[in-house]
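All remarks here apply to the structure that follows.
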Amino acid sequence: MASKKGRWLLYGATGFTGRLIAEEAVRVGQAPVLAGRSAEKLAPLAAGLGLSHRAVSLDDGPGLRRALEGVSAVLHAAGPFVETSAPMLRACLEAGVSYLDITGELPVFRSAFGCDGEAQRKGVAVVCGVGFDVVPTDCLALHLVERLPRATELEIAIAAISTPSSGTAKSALGQLPEGACTRRGGVIVSEPLGKGVRPLRFADRERWVVPFPLADLETAYRSTGVPNISTYFAVSRRMARALRVGWPLAAAASSVGRWVTSSSPFQRAASRWVEARVHGPDEALRRSGRSHVWARAAAPGGVEAEAWLELPEAYQFTALASVRAVEQVLARRPVGALTPAQAFGADFVLGLGDTRRVDQLPEDAAPAAARATSSRSPGGRSRPSPRA
C-alpha cells in the first residue's frame, strides 16, 4: 500500500472533468483513490483504470473523515463548487489534508483565502483553481508584475474554444448573480453586464471580449497586490454586438436580473436544463483545440507590459495542470491558502502540454534573473515562496 505521503484522493471522479483527470493521473503513473457519491458509477471507472474507490456523500461528515484516512491531499473536481467545496475543504482542514480544486468561482476563492491561518496552523495547502482558466491567467499575471513591479493595473482575458461540460455550465450559472465586476483600489465593484465590450488581439487573431467576473479578480490580486484589475471573456461577434447595444437596458434591470438569477427556482430549472443538454467537448476537439490568454500590466507614467499564452484545449489543460499541481503539493509541501502562481511559480504553466508564451515588455523590465523570491499579497505585504 502507498504511504500517506504520496497518496491522494480525487473527488468527483465520475464527472466529465473528473474522468479526464483520472485518466491523466494513470497516464503519468499516479494512482489516486477515486471518490464520489455513487458507488455504482465509481466501481466500473476504478476497475477500468486499476484504481481503488470510495463512495461518500459530501453531507456525510463522518463518512468524509473516513474517506480521507490514509491520504495527504484531495483534488476536488465536483461542481458547482460554490455548493460543494465547503464541506470537503472543512473535512480536509480537520483531517490535516491538503485541499486542491479546479473551481473558477469567485465566492469559493474568498472562502478559501479566509482559511489561510488555519491551513498554516495545520501545515497543509489550500490551492483552488488548479485548472483552466486560473492556472494560466494567474501565472501570466504574476509573470508580468515580476517584470513590472510598479504595476498598478492589470487586464486579463481568456478565449476558451470548447464546448462546456455540464459541471462548468452549472458553475457559470452560479456566477450569474455576480454580474460584471472589476477591482478598483483593491475593492471589487459591480458593473453592468455588457459594458466595456471591445475587440482584443490574442496570439492567433482578434476576438471580441466582454468584462466578466473571472477568478483573477481574487487570485491576481492576492498573487500580485495590484489594486486595479479587469477580467474579460471572449464571445462571438454576434453576442458582442448584442451586448454593446443592450448593456444600458441590462444596467437598468441589473438588480432585478440578479434577484432572478440567484433565486432557487431559476437555479434548479437552469441546472436541469444543463444536465440534459450540455455534455462537454468530444475527444477530437480536446486533442486539436487551443485556448488563449492575454494579459497587460500598466505602471504610472504610461509604462506597459503585455504577454500572450497559447495552450491546449481547456479541459485537456485542466487534466494536465491539476494532476501536476497535486504532484507539486505532495513533493514541495507548500503551506497556507495560496493561488496557483503563489504555490507553484509564474512559470508553472509553461510545463503543461504544448504551451507557449510571448512577451512584449518595456526596455526597463526586470530580467528573469532578478525576479522577486516572494509574491506580493494584498496591501503590498510579501509572502514567502513555498518551501522546497
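Naming works like this for the C-alpha cells: A, B, ... for the chains as they're shown, residue 1 at the start of each chain, ligands 1 onward in shown order.
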Using DSSP on the backbone coordinates, identify all residues within range 61-165 of chain A classified as strand (DSSP E or B); present the result as a ChimeraX atom specification. /A:73-76,98-101,125-127,153-160
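Here CA of Ala343 in chain A and CA of Ala321 in chain A stand 12.8 Å from one another.
Shortest separation to Gln328 in chain A among A:Thr137, A:Val210, A:Gly345, A:Glu363 occurs at residue A:Gly345, atoms counted being only C-alpha atoms.
Using only C-alpha atoms for every distance, the candidate list A:Ala337, A:Ala46, A:Leu20, A:Leu68 yields A:Ala337 as the residue closest to Gly114 in chain A.
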Quick one: residues within 10 Å of Arg150 in chain A, only C-alpha atoms, excluding same-chain residues fewer than 3 positions away - as a ChimeraX atom specification? /A:145-147,153,226,297-300,303
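Taking CA of Val127 in chain A and CA of Met88 in chain A as the two end points, the separation is 12.9 Å.
Nearest to Ala159 in chain A of all the residues A:Cys115, A:Leu309, A:Ala47, A:Leu10 is A:Leu309, based on only C-alpha atoms.
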Residue nearest Val130 in chain A among A:Glu24, A:Glu83, A:Asp101, A:Glu206 (counting only C-alpha atoms): A:Asp101
Residues of range 28-106 of chain A classed as alpha helix (DSSP H) by DSSP on the backbone are to be reported as JSON, numbers by chain. {"A": [39, 40, 41, 42, 43, 44, 45, 46, 47, 48, 49, 61, 62, 63, 64, 65, 66, 67, 81, 82, 83, 84, 85, 86, 87, 88, 89, 90, 91, 92, 93, 94, 95, 106]}
Could you turn the residues from that selection into a file that holds C-alpha atoms, as an mmCIF file, in the first residue's frame?
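Saved file result19.cif follows:
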```cif
data_model
loop_
_atom_site.group_PDB
_atom_site.id
_atom_site.type_symbol
_atom_site.label_atom_id
_atom_site.label_comp_id
_atom_site.auth_asym_id
_atom_site.auth_seq_id
_atom_site.Cartn_x
_atom_site.Cartn_y
_atom_site.Cartn_z
ATOM 1 C CA ALA A 39 -20.563 3.521 -5.849
ATOM 2 C CA GLU A 40 -22.366 2.219 -8.953
ATOM 3 C CA LYS A 41 -20.646 4.826 -11.123
ATOM 4 C CA LEU A 42 -17.281 4.638 -9.364
ATOM 5 C CA ALA A 43 -16.805 0.880 -9.472
ATOM 6 C CA PRO A 44 -16.550 0.403 -13.258
ATOM 7 C CA LEU A 45 -14.398 3.512 -13.703
ATOM 8 C CA ALA A 46 -11.992 2.403 -10.966
ATOM 9 C CA ALA A 47 -11.857 -1.136 -12.317
ATOM 10 C CA GLY A 48 -11.092 0.094 -15.820
ATOM 11 C CA LEU A 49 -8.213 2.232 -14.576
ATOM 12 C CA GLY A 61 -19.318 14.256 7.774
ATOM 13 C CA PRO A 62 -18.185 11.006 9.425
ATOM 14 C CA GLY A 63 -18.035 9.321 6.016
ATOM 15 C CA LEU A 64 -15.853 12.086 4.635
ATOM 16 C CA ARG A 65 -13.460 11.762 7.546
ATOM 17 C CA ARG A 66 -13.177 8.023 6.903
ATOM 18 C CA ALA A 67 -12.665 8.616 3.181
ATOM 19 C CA PHE A 81 -18.065 24.428 -6.230
ATOM 20 C CA VAL A 82 -19.997 27.216 -4.558
ATOM 21 C CA GLU A 83 -22.160 24.376 -3.198
ATOM 22 C CA THR A 84 -19.665 21.515 -2.881
ATOM 23 C CA SER A 85 -16.316 22.978 -1.856
ATOM 24 C CA ALA A 86 -17.120 23.997 1.736
ATOM 25 C CA PRO A 87 -17.787 20.522 3.194
ATOM 26 C CA MET A 88 -14.743 18.993 1.514
ATOM 27 C CA LEU A 89 -12.463 21.881 2.484
ATOM 28 C CA ARG A 90 -13.699 21.688 6.078
ATOM 29 C CA ALA A 91 -13.091 17.936 6.176
ATOM 30 C CA CYS A 92 -9.584 18.385 4.775
ATOM 31 C CA LEU A 93 -8.656 21.036 7.321
ATOM 32 C CA GLU A 94 -9.962 18.912 10.194
ATOM 33 C CA ALA A 95 -8.028 15.884 8.929
ATOM 34 C CA LEU A 106 -15.216 33.878 -7.043
#
```
Could you check the closest approach to Arg110 in chain A for each of A:His53, A:Arg241, A:Arg222, A:Arg7 and tell me which residue wins, using only C-alpha atoms? A:Arg222
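Counting only C-alpha atoms, the residue from A:Val97, A:Leu148, A:Leu9, A:Leu75 that sits nearest to Gly336 in chain A is A:Val97.
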